[in-house]
Every structure is written in C-alpha cells, then in structure tokens.
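Trainee: Here you go, final-v4.cif (mmCIF, C-alpha atoms):
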data_protein
#
loop_
_atom_site.group_PDB
_atom_site.id
_atom_site.type_symbol
_atom_site.label_atom_id
_atom_site.label_comp_id
_atom_site.auth_asym_id
_atom_site.auth_seq_id
_atom_site.Cartn_x
_atom_site.Cartn_y
_atom_site.Cartn_z
ATOM 1 C CA MET O 6 0.000 0.000 0.000
ATOM 2 C CA ALA O 7 1.425 3.363 -1.081
ATOM 3 C CA GLU O 8 2.221 5.839 1.660
ATOM 4 C CA ALA O 9 0.023 8.928 1.804
ATOM 5 C CA SER O 10 1.891 12.059 0.807
ATOM 6 C CA ALA O 11 2.682 14.472 3.612
ATOM 7 C CA PRO O 12 0.243 17.397 3.838
ATOM 8 C CA PHE O 13 1.463 20.787 2.683
ATOM 9 C CA PRO O 14 2.567 23.028 5.549
ATOM 10 C CA PRO O 15 0.112 25.841 6.322
ATOM 11 C CA LEU O 16 0.984 29.348 5.150
ATOM 12 C CA ARG O 17 -1.022 32.447 5.920
ATOM 13 C CA LEU O 18 -0.731 35.112 3.225
ATOM 14 C CA LEU O 19 -1.211 38.758 4.170
ATOM 15 C CA ILE O 20 -1.758 40.618 0.915
ATOM 16 C CA ALA O 21 -1.280 44.365 1.125
ATOM 17 C CA ALA O 22 -3.891 46.754 -0.194
ATOM 18 C CA PRO O 23 -3.376 49.029 -1.930
ATOM 19 C CA ARG O 24 -0.781 47.380 -4.148
ATOM 20 C CA GLY O 25 0.091 47.214 -7.836
ATOM 21 C CA PHE O 26 -0.912 49.641 -10.542
ATOM 22 C CA CYS O 27 -1.371 53.306 -9.712
ATOM 23 C CA ALA O 28 -3.354 55.804 -11.785
ATOM 24 C CA GLY O 29 -0.254 57.073 -13.577
ATOM 25 C CA VAL O 30 0.777 53.582 -14.658
ATOM 26 C CA ASP O 31 -2.760 52.715 -15.761
ATOM 27 C CA ARG O 32 -2.837 55.887 -17.837
ATOM 28 C CA ALA O 33 0.582 55.311 -19.418
ATOM 29 C CA ILE O 34 -0.243 51.757 -20.501
ATOM 30 C CA ARG O 35 -3.593 52.883 -21.880
ATOM 31 C CA ILE O 36 -1.841 55.644 -23.828
ATOM 32 C CA VAL O 37 0.373 53.116 -25.615
ATOM 33 C CA GLU O 38 -2.592 50.842 -26.349
ATOM 34 C CA LEU O 39 -4.674 53.730 -27.710
ATOM 35 C CA ALA O 40 -1.751 55.053 -29.762
ATOM 36 C CA ILE O 41 -1.431 51.643 -31.431
ATOM 37 C CA GLN O 42 -5.191 51.650 -32.026
ATOM 38 C CA LYS O 43 -5.114 55.193 -33.464
ATOM 39 C CA TYR O 44 -1.965 55.065 -35.587
ATOM 40 C CA GLY O 45 -1.537 51.341 -36.193
ATOM 41 C CA ALA O 46 1.554 49.320 -35.313
ATOM 42 C CA PRO O 47 4.323 49.945 -34.809
ATOM 43 C CA VAL O 48 4.265 52.760 -32.277
ATOM 44 C CA TYR O 49 7.643 53.647 -30.812
ATOM 45 C CA VAL O 50 8.090 54.247 -27.083
ATOM 46 C CA ARG O 51 11.108 56.098 -25.709
ATOM 47 C CA HIS O 52 12.302 54.118 -22.673
ATOM 48 C CA GLU O 53 10.222 51.518 -20.849
ATOM 49 C CA ILE O 54 6.750 52.996 -20.534
ATOM 50 C CA VAL O 55 6.808 51.777 -16.913
ATOM 51 C CA HIS O 56 9.408 49.689 -15.105
ATOM 52 C CA ASN O 57 7.932 46.230 -15.503
ATOM 53 C CA ARG O 58 9.110 43.565 -17.936
ATOM 54 C CA TYR O 59 5.736 41.796 -18.111
ATOM 55 C CA VAL O 60 3.999 45.053 -19.073
ATOM 56 C CA VAL O 61 6.660 45.952 -21.623
ATOM 57 C CA ASP O 62 6.542 42.506 -23.234
ATOM 58 C CA SER O 63 2.728 42.623 -23.362
ATOM 59 C CA LEU O 64 2.842 45.963 -25.183
ATOM 60 C CA LYS O 65 5.539 44.686 -27.550
ATOM 61 C CA ALA O 66 3.181 41.873 -28.509
ATOM 62 C CA LYS O 67 0.549 44.496 -29.398
ATOM 63 C CA GLY O 68 2.884 46.476 -31.633
ATOM 64 C CA ALA O 69 5.004 48.745 -29.423
ATOM 65 C CA ILE O 70 8.720 49.111 -30.109
ATOM 66 C CA PHE O 71 10.817 50.342 -27.196
ATOM 67 C CA VAL O 72 13.954 52.397 -27.798
ATOM 68 C CA GLU O 73 16.352 54.267 -25.542
ATOM 69 C CA GLU O 74 16.764 57.446 -27.554
ATOM 70 C CA LEU O 75 14.743 59.481 -30.031
ATOM 71 C CA ASP O 76 17.459 58.950 -32.663
ATOM 72 C CA GLU O 77 16.297 55.321 -32.909
ATOM 73 C CA VAL O 78 12.784 56.359 -33.959
ATOM 74 C CA PRO O 79 12.349 56.404 -37.768
ATOM 75 C CA ASP O 80 10.855 59.425 -39.494
ATOM 76 C CA GLY O 81 7.107 59.469 -39.974
ATOM 77 C CA VAL O 82 6.065 57.230 -37.071
ATOM 78 C CA PRO O 83 4.480 58.225 -33.741
ATOM 79 C CA VAL O 84 6.415 58.071 -30.489
ATOM 80 C CA VAL O 85 5.262 57.886 -26.867
ATOM 81 C CA PHE O 86 7.280 59.297 -23.960
ATOM 82 C CA SER O 87 7.392 57.201 -20.786
ATOM 83 C CA ALA O 88 5.510 57.804 -17.542
ATOM 84 C CA HIS O 89 8.719 58.938 -15.828
ATOM 85 C CA GLY O 90 8.921 62.154 -17.821
ATOM 86 C CA VAL O 91 11.523 63.462 -20.252
ATOM 87 C CA PRO O 92 13.784 66.525 -20.453
ATOM 88 C CA LYS O 93 12.345 69.422 -22.453
ATOM 89 C CA ALA O 94 14.937 68.802 -25.154
ATOM 90 C CA VAL O 95 13.254 65.508 -26.127
ATOM 91 C CA PRO O 96 9.857 66.874 -27.307
ATOM 92 C CA HIS O 97 11.677 69.831 -28.879
ATOM 93 C CA LYS O 98 13.797 67.426 -30.906
ATOM 94 C CA ALA O 99 10.684 65.444 -31.887
ATOM 95 C CA GLU O 100 9.051 68.652 -33.119
ATOM 96 C CA GLU O 101 12.139 69.582 -35.122
ATOM 97 C CA ARG O 102 11.948 66.206 -36.861
ATOM 98 C CA GLY O 103 8.211 66.517 -37.434
ATOM 99 C CA LEU O 104 7.452 63.468 -35.305
ATOM 100 C CA GLU O 105 3.999 63.142 -33.816
ATOM 101 C CA TYR O 106 4.392 62.344 -30.133
ATOM 102 C CA VAL O 107 2.212 61.521 -27.142
ATOM 103 C CA ASP O 108 3.479 62.373 -23.680
ATOM 104 C CA ALA O 109 2.589 59.686 -21.114
ATOM 105 C CA THR O 110 4.353 61.467 -18.244
ATOM 106 C CA CYS O 111 2.468 60.862 -14.995
ATOM 107 C CA PRO O 112 0.540 64.036 -14.109
ATOM 108 C CA LEU O 113 2.085 63.964 -10.632
ATOM 109 C CA VAL O 114 5.557 64.037 -12.195
ATOM 110 C CA SER O 115 4.432 66.837 -14.516
ATOM 111 C CA LYS O 116 3.351 68.763 -11.417
ATOM 112 C CA VAL O 117 6.925 68.563 -10.103
ATOM 113 C CA HIS O 118 8.204 69.773 -13.490
ATOM 114 C CA ARG O 119 5.969 72.854 -13.383
ATOM 115 C CA GLN O 120 7.017 73.622 -9.818
ATOM 116 C CA ALA O 121 10.676 73.440 -10.856
ATOM 117 C CA GLU O 122 10.056 75.952 -13.650
ATOM 118 C CA ARG O 123 8.250 78.344 -11.315
ATOM 119 C CA LEU O 124 10.906 78.159 -8.607
ATOM 120 C CA VAL O 125 13.718 78.869 -11.052
ATOM 121 C CA ALA O 126 11.719 81.741 -12.520
ATOM 122 C CA ASP O 127 11.446 83.111 -8.967
ATOM 123 C CA GLY O 128 15.232 83.063 -8.684
ATOM 124 C CA ARG O 129 15.575 80.046 -6.421
ATOM 125 C CA HIS O 130 18.105 77.252 -6.650
ATOM 126 C CA ILE O 131 16.463 73.829 -6.268
ATOM 127 C CA LEU O 132 17.793 71.054 -4.075
ATOM 128 C CA PHE O 133 16.227 67.975 -5.654
ATOM 129 C CA ILE O 134 15.915 64.884 -3.456
ATOM 130 C CA GLY O 135 16.132 61.766 -5.608
ATOM 131 C CA HIS O 136 18.237 58.917 -6.979
ATOM 132 C CA LYS O 137 20.981 59.694 -9.478
ATOM 133 C CA GLY O 138 20.331 58.261 -12.937
ATOM 134 C CA HIS O 139 16.633 57.512 -12.409
ATOM 135 C CA PRO O 140 14.604 58.550 -15.495
ATOM 136 C CA GLU O 141 12.336 60.761 -13.400
ATOM 137 C CA VAL O 142 15.329 62.647 -11.999
ATOM 138 C CA ILE O 143 16.841 63.078 -15.470
ATOM 139 C CA GLY O 144 13.498 64.336 -16.785
ATOM 140 C CA THR O 145 13.048 66.827 -13.954
ATOM 141 C CA PHE O 146 16.582 68.216 -14.253
ATOM 142 C CA GLY O 147 15.848 68.670 -17.953
ATOM 143 C CA GLN O 148 13.042 71.137 -17.208
ATOM 144 C CA VAL O 149 15.338 73.950 -16.031
ATOM 145 C CA PRO O 150 18.603 75.512 -17.205
ATOM 146 C CA GLU O 151 21.767 73.656 -16.275
ATOM 147 C CA GLY O 152 23.178 74.608 -12.904
ATOM 148 C CA ARG O 153 19.868 75.666 -11.337
ATOM 149 C CA MET O 154 19.247 72.347 -9.579
ATOM 150 C CA THR O 155 21.432 70.169 -7.338
ATOM 151 C CA LEU O 156 20.796 66.502 -6.541
ATOM 152 C CA VAL O 157 20.578 65.485 -2.877
ATOM 153 C CA GLU O 158 20.476 61.704 -2.469
ATOM 154 C CA THR O 159 21.022 61.170 1.248
ATOM 155 C CA VAL O 160 20.916 62.781 4.681
ATOM 156 C CA ALA O 161 24.718 63.000 4.445
ATOM 157 C CA ASP O 162 24.382 64.979 1.205
ATOM 158 C CA ALA O 163 21.932 67.321 2.921
ATOM 159 C CA GLU O 164 24.411 67.880 5.751
ATOM 160 C CA ALA O 165 27.326 68.512 3.409
ATOM 161 C CA ILE O 166 25.864 70.716 0.666
ATOM 162 C CA GLU O 167 27.059 74.326 0.605
ATOM 163 C CA PRO O 168 24.831 76.339 -1.745
ATOM 164 C CA ALA O 169 26.015 79.674 -3.124
ATOM 165 C CA ASP O 170 22.995 81.536 -1.731
ATOM 166 C CA PRO O 171 21.381 79.797 1.254
ATOM 167 C CA GLN O 172 18.605 82.416 1.294
ATOM 168 C CA ALA O 173 17.367 81.552 -2.200
ATOM 169 C CA LEU O 174 16.712 77.828 -1.972
ATOM 170 C CA ALA O 175 13.791 75.481 -2.578
ATOM 171 C CA PHE O 176 13.482 71.720 -2.505
ATOM 172 C CA LEU O 177 11.531 69.223 -4.580
ATOM 173 C CA THR O 178 11.539 65.429 -4.533
ATOM 174 C CA GLN O 179 11.262 62.444 -6.810
ATOM 175 C CA THR O 180 7.764 60.956 -6.533
ATOM 176 C CA THR O 181 8.813 57.372 -5.707
ATOM 177 C CA LEU O 182 11.096 57.772 -2.692
ATOM 178 C CA SER O 183 11.052 56.281 0.778
ATOM 179 C CA VAL O 184 8.669 58.423 2.807
ATOM 180 C CA ASP O 185 10.788 58.053 5.963
ATOM 181 C CA ASP O 186 14.162 58.676 4.289
ATOM 182 C CA THR O 187 12.816 61.724 2.491
ATOM 183 C CA ALA O 188 11.370 63.158 5.688
ATOM 184 C CA ALA O 189 14.775 62.788 7.368
ATOM 185 C CA THR O 190 16.540 64.503 4.469
ATOM 186 C CA ILE O 191 14.014 67.342 4.410
ATOM 187 C CA ALA O 192 14.424 67.823 8.164
ATOM 188 C CA VAL O 193 18.157 68.371 7.693
ATOM 189 C CA LEU O 194 17.628 70.846 4.855
ATOM 190 C CA GLN O 195 15.062 72.804 6.859
ATOM 191 C CA ARG O 196 17.334 72.861 9.909
ATOM 192 C CA ARG O 197 20.329 74.072 7.921
ATOM 193 C CA PHE O 198 18.397 76.450 5.662
ATOM 194 C CA PRO O 199 15.358 77.767 7.557
ATOM 195 C CA SER O 200 14.200 79.910 4.632
ATOM 196 C CA ILE O 201 14.175 77.028 2.120
ATOM 197 C CA GLN O 202 10.902 76.915 0.200
ATOM 198 C CA ALA O 203 8.940 73.654 0.358
ATOM 199 C CA PRO O 204 6.873 72.320 -2.542
ATOM 200 C CA ARG O 205 3.171 73.043 -2.828
ATOM 201 C CA GLY O 206 1.881 69.832 -1.322
ATOM 202 C CA GLU O 207 3.663 66.502 -1.065
ATOM 203 C CA ASP O 208 5.849 65.517 -4.033
ATOM 204 C CA ILE O 209 6.018 61.816 -3.109
ATOM 205 C CA CYS O 210 2.965 60.458 -4.876
ATOM 206 C CA TYR O 211 -0.099 59.089 -3.104
ATOM 207 C CA ALA O 212 0.497 55.590 -4.476
ATOM 208 C CA THR O 213 4.065 55.418 -3.174
ATOM 209 C CA SER O 214 2.981 56.620 0.277
ATOM 210 C CA ASN O 215 -0.027 54.293 0.406
ATOM 211 C CA ARG O 216 1.952 51.210 -0.602
ATOM 212 C CA GLN O 217 4.658 51.887 1.960
ATOM 213 C CA ALA O 218 2.044 52.382 4.687
ATOM 214 C CA ALA O 219 0.393 49.074 3.730
ATOM 215 C CA VAL O 220 3.731 47.257 3.969
ATOM 216 C CA LYS O 221 4.330 48.703 7.439
ATOM 217 C CA GLU O 222 0.926 47.369 8.481
ATOM 218 C CA ILE O 223 1.513 43.798 7.309
ATOM 219 C CA ALA O 224 5.181 43.765 8.370
ATOM 220 C CA ALA O 225 4.077 43.876 11.991
ATOM 221 C CA GLN O 226 2.281 40.562 11.481
ATOM 222 C CA CYS O 227 4.414 38.547 9.044
ATOM 223 C CA GLU O 228 7.764 36.748 9.078
ATOM 224 C CA ALA O 229 8.774 37.393 5.471
ATOM 225 C CA LEU O 230 7.740 39.723 2.655
ATOM 226 C CA LEU O 231 7.653 39.238 -1.102
ATOM 227 C CA VAL O 232 7.563 42.407 -3.196
ATOM 228 C CA ILE O 233 6.544 41.893 -6.810
ATOM 229 C CA GLY O 234 8.270 44.429 -9.007
ATOM 230 C CA ALA O 235 11.227 45.160 -11.256
ATOM 231 C CA PRO O 236 14.780 45.688 -9.956
ATOM 232 C CA ASN O 237 14.863 49.073 -11.735
ATOM 233 C CA SER O 238 11.554 50.151 -10.176
ATOM 234 C CA SER O 239 12.287 52.749 -7.488
ATOM 235 C CA ASN O 240 8.954 52.397 -5.710
ATOM 236 C CA SER O 241 9.259 48.577 -5.630
ATOM 237 C CA LEU O 242 12.767 48.709 -4.157
ATOM 238 C CA ARG O 243 11.506 51.100 -1.489
ATOM 239 C CA LEU O 244 8.774 48.618 -0.490
ATOM 240 C CA ALA O 245 11.368 45.911 0.180
ATOM 241 C CA GLU O 246 13.415 48.397 2.213
ATOM 242 C CA VAL O 247 10.360 49.384 4.271
ATOM 243 C CA GLY O 248 9.763 45.727 5.137
ATOM 244 C CA GLU O 249 13.370 45.136 6.131
ATOM 245 C CA ARG O 250 13.413 48.237 8.331
ATOM 246 C CA ALA O 251 10.317 46.902 10.066
ATOM 247 C CA GLY O 252 12.300 43.785 10.948
ATOM 248 C CA VAL O 253 10.987 41.449 8.253
ATOM 249 C CA LYS O 254 13.169 39.681 5.734
ATOM 250 C CA ALA O 255 12.126 40.812 2.259
ATOM 251 C CA GLN O 256 12.772 39.806 -1.329
ATOM 252 C CA LEU O 257 12.009 41.607 -4.582
ATOM 253 C CA ILE O 258 10.836 39.247 -7.329
ATOM 254 C CA GLN O 259 9.652 39.921 -10.872
ATOM 255 C CA ARG O 260 7.622 36.763 -11.446
ATOM 256 C CA ALA O 261 6.449 33.687 -9.556
ATOM 257 C CA THR O 262 9.313 31.704 -11.073
ATOM 258 C CA ASP O 263 11.737 33.865 -9.057
ATOM 259 C CA ILE O 264 10.413 32.568 -5.727
ATOM 260 C CA ASP O 265 13.118 30.895 -3.625
ATOM 261 C CA PHE O 266 11.181 28.263 -1.695
ATOM 262 C CA ASP O 267 14.210 27.511 0.489
ATOM 263 C CA TRP O 268 13.962 31.133 1.651
ATOM 264 C CA LEU O 269 10.374 30.430 2.731
ATOM 265 C CA GLU O 270 11.413 27.442 4.873
ATOM 266 C CA GLY O 271 9.826 27.759 8.309
ATOM 267 C CA VAL O 272 7.723 30.801 7.404
ATOM 268 C CA SER O 273 4.115 30.553 8.571
ATOM 269 C CA VAL O 274 2.956 34.101 7.754
ATOM 270 C CA LEU O 275 4.056 35.684 4.460
ATOM 271 C CA GLY O 276 3.366 39.229 3.351
ATOM 272 C CA ILE O 277 2.855 39.988 -0.341
ATOM 273 C CA THR O 278 2.720 43.334 -2.103
ATOM 274 C CA ALA O 279 3.386 44.708 -5.577
ATOM 275 C CA GLY O 280 5.015 47.879 -6.814
ATOM 276 C CA ALA O 281 3.011 50.529 -8.644
ATOM 277 C CA SER O 282 4.026 49.212 -12.062
ATOM 278 C CA ALA O 283 3.276 45.522 -11.368
ATOM 279 C CA PRO O 284 -0.087 44.183 -12.621
ATOM 280 C CA GLU O 285 -2.423 42.174 -10.418
ATOM 281 C CA ILE O 286 -2.024 39.133 -12.674
ATOM 282 C CA LEU O 287 1.523 38.750 -11.324
ATOM 283 C CA VAL O 288 0.223 38.768 -7.749
ATOM 284 C CA ARG O 289 -2.199 35.977 -8.577
ATOM 285 C CA GLU O 290 0.572 34.070 -10.348
ATOM 286 C CA VAL O 291 2.702 34.235 -7.198
ATOM 287 C CA VAL O 292 -0.158 33.124 -4.933
ATOM 288 C CA ASP O 293 -1.031 30.242 -7.263
ATOM 289 C CA LEU O 294 2.538 28.934 -7.328
ATOM 290 C CA ILE O 295 2.896 29.200 -3.550
ATOM 291 C CA ALA O 296 -0.323 27.190 -3.247
ATOM 292 C CA THR O 297 1.418 24.257 -4.969
ATOM 293 C CA ARG O 298 3.780 23.952 -1.977
ATOM 294 C CA PHE O 299 1.680 25.180 0.960
ATOM 295 C CA THR O 300 -1.861 25.016 2.289
ATOM 296 C CA VAL O 301 -2.611 28.666 1.756
ATOM 297 C CA THR O 302 -5.079 30.996 3.457
ATOM 298 C CA GLU O 303 -5.349 34.522 2.040
ATOM 299 C CA GLU O 304 -6.126 37.691 3.935
ATOM 300 C CA GLN O 305 -6.184 41.146 2.373
ATOM 301 C CA VAL O 306 -4.991 43.908 4.692
ATOM 302 C CA GLU O 307 -6.414 47.200 3.473
ATOM 303 C CA THR O 308 -4.994 50.474 4.775
ATOM 304 C CA ALA O 309 -6.378 52.870 2.127
ATOM 305 C CA ARG O 310 -8.669 52.950 -0.880
ATOM 306 C CA GLU O 311 -7.589 54.556 -4.111
ATOM 307 C CA ASN O 312 -9.939 56.008 -6.693
ATOM 308 C CA MET O 313 -7.581 58.347 -8.515
ATOM 309 C CA VAL O 314 -8.044 58.509 -12.302
ATOM 310 C CA PHE O 315 -6.018 60.713 -14.657
ATOM 311 C CA LYS O 316 -7.349 62.085 -17.919
ATOM 312 C CA LEU O 317 -5.911 60.866 -21.201
ATOM 313 C CA PRO O 318 -4.102 63.286 -23.527
ATOM 314 C CA ARG O 319 -6.594 65.094 -25.753
ATOM 315 C CA ILE O 320 -5.049 63.618 -28.887
ATOM 316 C CA LEU O 321 -6.080 60.113 -27.722
ATOM 317 C CA ALA O 322 -9.231 60.847 -25.747
ATOM 318 C CA ALA O 323 -11.483 59.921 -28.678
ATOM 319 C CA ALA O 324 -9.362 57.021 -29.926
#
Mind converting the file's structure to structure tokens?
Mentor:
Amino acid sequence: MAEASAPFPPLRLLIAAPRGFCAGVDRAIRIVELAIQKYGAPVYVRHEIVHNRYVVDSLKAKGAIFVEELDEVPDGVPVVFSAHGVPKAVPHKAEERGLEYVDATCPLVSKVHRQAERLVADGRHILFIGHKGHPEVIGTFGQVPEGRMTLVETVADAEAIEPADPQALAFLTQTTLSVDDTAATIAVLQRRFPSIQAPRGEDICYATSNRQAAVKEIAAQCEALLVIGAPNSSNSLRLAEVGERAGVKAQLIQRATDIDFDWLEGVSVLGITAGASAPEILVREVVDLIATRFTVTEEQVETARENMVFKLPRILAAA
C-alpha cells in the first residue's frame, strides 16, 4: 500500500492593499494601447513605458517598439514618452523632426516639473531629493537651465551641501522615494536652511505613500515579505526596504518563477505586495505557485482605498 503524501505546511498570506498599478501607470499603458489603435503598429516608445518587464513585453506583442533614444525612432512614425517624464529637449527634438508624439508622463511628475520651472523663474536654486540616474530625476533636471538644480540623495548629502545663496533655496523630490528617508533629508535641509521653500503639497505620490504604509501594516504581522516588481523600479525597491526596516526579511521578485522556496522554509505568515508598475495578474501568479507547496489561506490587509483617475491626452481621448 502506497504511503500517503505528507500534507502541505500551512501558510497564511497577508496581501497588502493598496498594491500594484497606480493611476499614472494605468494611464501610461492605456496611452500606448490607444496610440497603437489610433496610428496602427508599430508605435515607438522612448524608454520603458513603466518599469515592468511583463507590461513591456505585453505591449511589444501588441505592436510597441521600445527604444532608448529618439534617434532610434524612424521618421514618420508616432512616439510615446514614458511615464517617468523626459527633459524638455526631447519633445523639442521630436518637433524639429516633425514626429507626432504623445506624452505619457504621470501628471504627478508633470506637477513637479511645473514647480521646478516656477521656482527657477522666482530666482531660487532647487535642491532635488532623488536617486541619481533615475529617469524621473533626469526628466526633472531637464526642465530647467543647467546649474539651477542640485541633486541630494542622502541625509549625508543634505548635511554637506554648501549652496552659493542659502537664502534663495527650494526643494523638490522624486515621486517614488522612501517616505521616511525623504522626511529625514528634508528635516536636515530645513534645519540648515530655515528659509528654504517647500513644494506646494507633497511631491512623493499618493500611491508610493499608500503602498509603503500598507507594507508597514503587514510587516508587523508577518515573518517574510515578497515584493513583486522590477529591480529598476524605485517604488518597488523602497517597499522591500520598508519591510526590512520593520524587521521582516524581504525579497524583490519579478515573477512567480523567481520565488526561492528555500527562503520560505519555516515561514508561517508571508506578506505579499506589488510595486506601482506591477499588474495584479503577477500577484495571482505568485499566490497560485505558492499554493502548490503550501496550504494557503489569504487575507487582504487594506490600509487605504484609491480612486484616482487621470485624464488621457486630448489627442487620444477619442481614440
């Protein structure tokens, strides 16, 4: 008589809410889809429309071609700019070439761009809190003349910076930063430069803040955390950091196939979340694969509800 197989160990899943797509990502993906519908394939996209390989590959299958620079876009075809924003020089160059373009920059990033322009026009030098080399940082720096903005990455940078005119400063931030790290950096800047002008409202976007708050909530109850997102996704990396700082071991994975089941050995409560550019289908894929090794119970932990919707560009609104 064959031995009965051992039962799967129990595993309680705490699934963070909100998680996954934000309004800016939804809008950007829809822009590419509608551009393909309006113009026909192929439609070129400068840079990854959002930082997620699954999303990019899905759009490639529909007729999108992703390039790094505008020089790679042939004459006479439409081009979409990514959700992270682009320097002013990019649309100017597109116009010079007679290219029709659609700007998928997240409206919350565009808001930071407009603030940067206004602050420089008011004669202020901007201390920009962000990560060097991130597309959003490059795009924001490209909104103002060279030399009018300085990057501040860390608290140590904030302590060390010596601006030419400490009385004529302002600060802005990347939208996908750690809420706690940014608050610490801002505190240093405001202590050192009491007259520094703050942005109108919070620059870190609602989705970034909400997802970090949800991770803090589940981290208090779980033994490990899986964050579904891309390694070049700033907001996804921050979610893993938030979990680790709360005392929970955390891993960033792109797909279910990246799960290290040895890492889950002995875990009885697992937290799961997804970065703002990761679709819900990847969350379900992860849960389904885990359920092949564990007896799973799912619990959604909701800390906020999101109903933000951004309008489409006028050129595509009727597509």
Trainee: Find the distance between atom CA of Asp186 of chain O and atom CA of Ile201 of chain O and write it in Å to one decimal.
Mentor: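 Separation between atom CA of Asp186 of chain O and atom CA of Ile201 of chain O: 18.5 Å.
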Trainee: Go through O:Ile233, O:Leu132, O:Ala40, O:Ala219 and flag the residue nearest Ile320 of chain O, using all atoms listed in the file for the distances.
Mentor: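 Using all atoms listed in the file, Ile320 of chain O sits closest to O:Ala40.
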Trainee: Give me, as a list in words, all polymer residues having an atom no more than 9 Å from Glu73 of chain O, counting all atoms listed in the file and skipping those fewer than 6 positions away in the same chain.
Mentor: Val50, Arg51, His52 and Glu53 of chain O
Trainee: In file coordinates, which residues lie within 7 Å of (-2.7, 58.4, -15.4) using only C-alpha atoms, given as a PDB file with C-alpha atoms, in the frame of the given file?
Mentor:
ATOM      1  CA  ALA O  28      -3.354  55.804 -11.785  1.00  0.00           C
ATOM      2  CA  GLY O  29      -0.254  57.073 -13.577  1.00  0.00           C
ATOM      3  CA  VAL O  30       0.777  53.582 -14.658  1.00  0.00           C
ATOM      4  CA  ASP O  31      -2.760  52.715 -15.761  1.00  0.00           C
ATOM      5  CA  ARG O  32      -2.837  55.887 -17.837  1.00  0.00           C
ATOM      6  CA  ALA O  33       0.582  55.311 -19.418  1.00  0.00           C
ATOM      7  CA  CYS O 111       2.468  60.862 -14.995  1.00  0.00           C
ATOM      8  CA  PRO O 112       0.540  64.036 -14.109  1.00  0.00           C
ATOM      9  CA  VAL O 314      -8.044  58.509 -12.302  1.00  0.00           C
ATOM     10  CA  PHE O 315      -6.018  60.713 -14.657  1.00  0.00           C
ATOM     11  CA  LYS O 316      -7.349  62.085 -17.919  1.00  0.00           C
TER      12      LYS O 316
END
Trainee: Report as a VMD selection string the residues that result from applying the PyMOL selection byres ((chain O and resi 16) around 8) to the structure here.
Mentor: chain O and resid 14 to 15 17 to 18 272 to 275 299 to 302
Trainee: Hey, which of O:Asn215, O:Thr278, O:Ser87, O:Gln202 ends up closest to Leu231 of chain O? Count all atoms listed in the file.
Mentor: O:Thr278
Trainee: If we draw a sphere of 10 Å around (10.4, 42.3, 9.8), which residues have at least one atom in it when counting only C-alpha atoms? Please report them as a list in words.
Mentor: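 The distance filter leaves exactly Lys221, Ile223, Ala224, Ala225, Gln226, Cys227, Glu228, Ala229, Leu230, Val247, Gly248, Glu249, Arg250, Ala251, Gly252, Val253, Lys254 and Ala255 of chain O.
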Trainee: Give me the result of the PyMOL selection byres ((chain O and resi 145) around 8) on this file, residue by residue, as number ranges by chain.
Mentor: O: 90-92, 117-118, 121, 141-144, 146-149
Trainee: Restricting the output to C-alpha atoms, write the selected residues as a compact mmCIF listing (two decimals), in the coordinates of the input.
Mentor:
# COMPACT_ATOMS: atom_id res chain seq x y z
CA GLY O 90 8.92 62.15 -17.82
CA VAL O 91 11.52 63.46 -20.25
CA PRO O 92 13.78 66.53 -20.45
CA VAL O 117 6.92 68.56 -10.10
CA HIS O 118 8.20 69.77 -13.49
CA ALA O 121 10.68 73.44 -10.86
CA GLU O 141 12.34 60.76 -13.40
CA VAL O 142 15.33 62.65 -12.00
CA ILE O 143 16.84 63.08 -15.47
CA GLY O 144 13.50 64.34 -16.78
CA PHE O 146 16.58 68.22 -14.25
CA GLY O 147 15.85 68.67 -17.95
CA GLN O 148 13.04 71.14 -17.21
CA VAL O 149 15.34 73.95 -16.03
Trainee: Rank O:Asp185, O:Ala69, O:Ser200, O:Ala192 by their smallest atom-to-atom distance to Asp170 of chain O, using all atoms listed in the file, and report the top residue only.
Mentor: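 Smallest distance to Asp170 of chain O is found for O:Ser200.
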Trainee: Quick one: apply the PyMOL selection byres ((chain O and resi 34) around 12) to the file and drop the selected residues here as number ranges by chain.
Mentor: O: 26-33, 35-41, 50, 53-57, 59-65, 67, 69, 85-88, 108-111, 282-284, 317
Trainee: So which residues touch Ser183 of chain O within 9 Å, counting only C-alpha atoms, skipping near sequence neighbours fewer than 3 positions away, as a list in words?
Mentor: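 Returned residues: Asp186, Thr187, Ala188, Ile209, Thr213, Ser214, Gln217, Asn240, Arg243, Leu244, Glu246 and Val247 of chain O.
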Trainee: Do you have the atom CA of Thr159 of chain O-atom CA of Ala309 of chain O distance handy?
Mentor: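 These atoms are spaced 28.6 Å apart.
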Trainee: Could you work out how far atom CA of Ala189 of chain O lies from atom CA of Arg205 of chain O, giving the answer in Å with one decimal?
Mentor: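 We find that atom CA of Arg205 of chain O and atom CA of Ala189 of chain O lie 18.5 Å from each other.
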Trainee: Nearest residue to Leu113 of chain O out of O:Asp76, O:Asp267, O:Asp162, O:Glu207, using all atoms listed in the file?
Mentor: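 Closest candidate: O:Glu207.
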Trainee: Using all atoms listed in the file, which of O:Pro171, O:Leu182, O:Lys116, O:Arg260 sits nearest Gly206 of chain O?
Mentor: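 Among O:Pro171, O:Leu182, O:Lys116, O:Arg260, it is O:Lys116 that comes nearest to Gly206 of chain O.
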Trainee: As a ChimeraX atom specification, please: the residues near Ser241 of chain O (cut-off 7 Å, only C-alpha atoms, same-chain neighbours under 4 positions excluded).
Mentor: /O:232,234-235,245,280
Trainee: In terms of the shortest atom-to-atom distance over all atoms listed in the file, which of O:Arg197, O:Cys210, O:Asp80, O:Ser115 is closest to Glu100 of chain O?
Mentor: O:Asp80
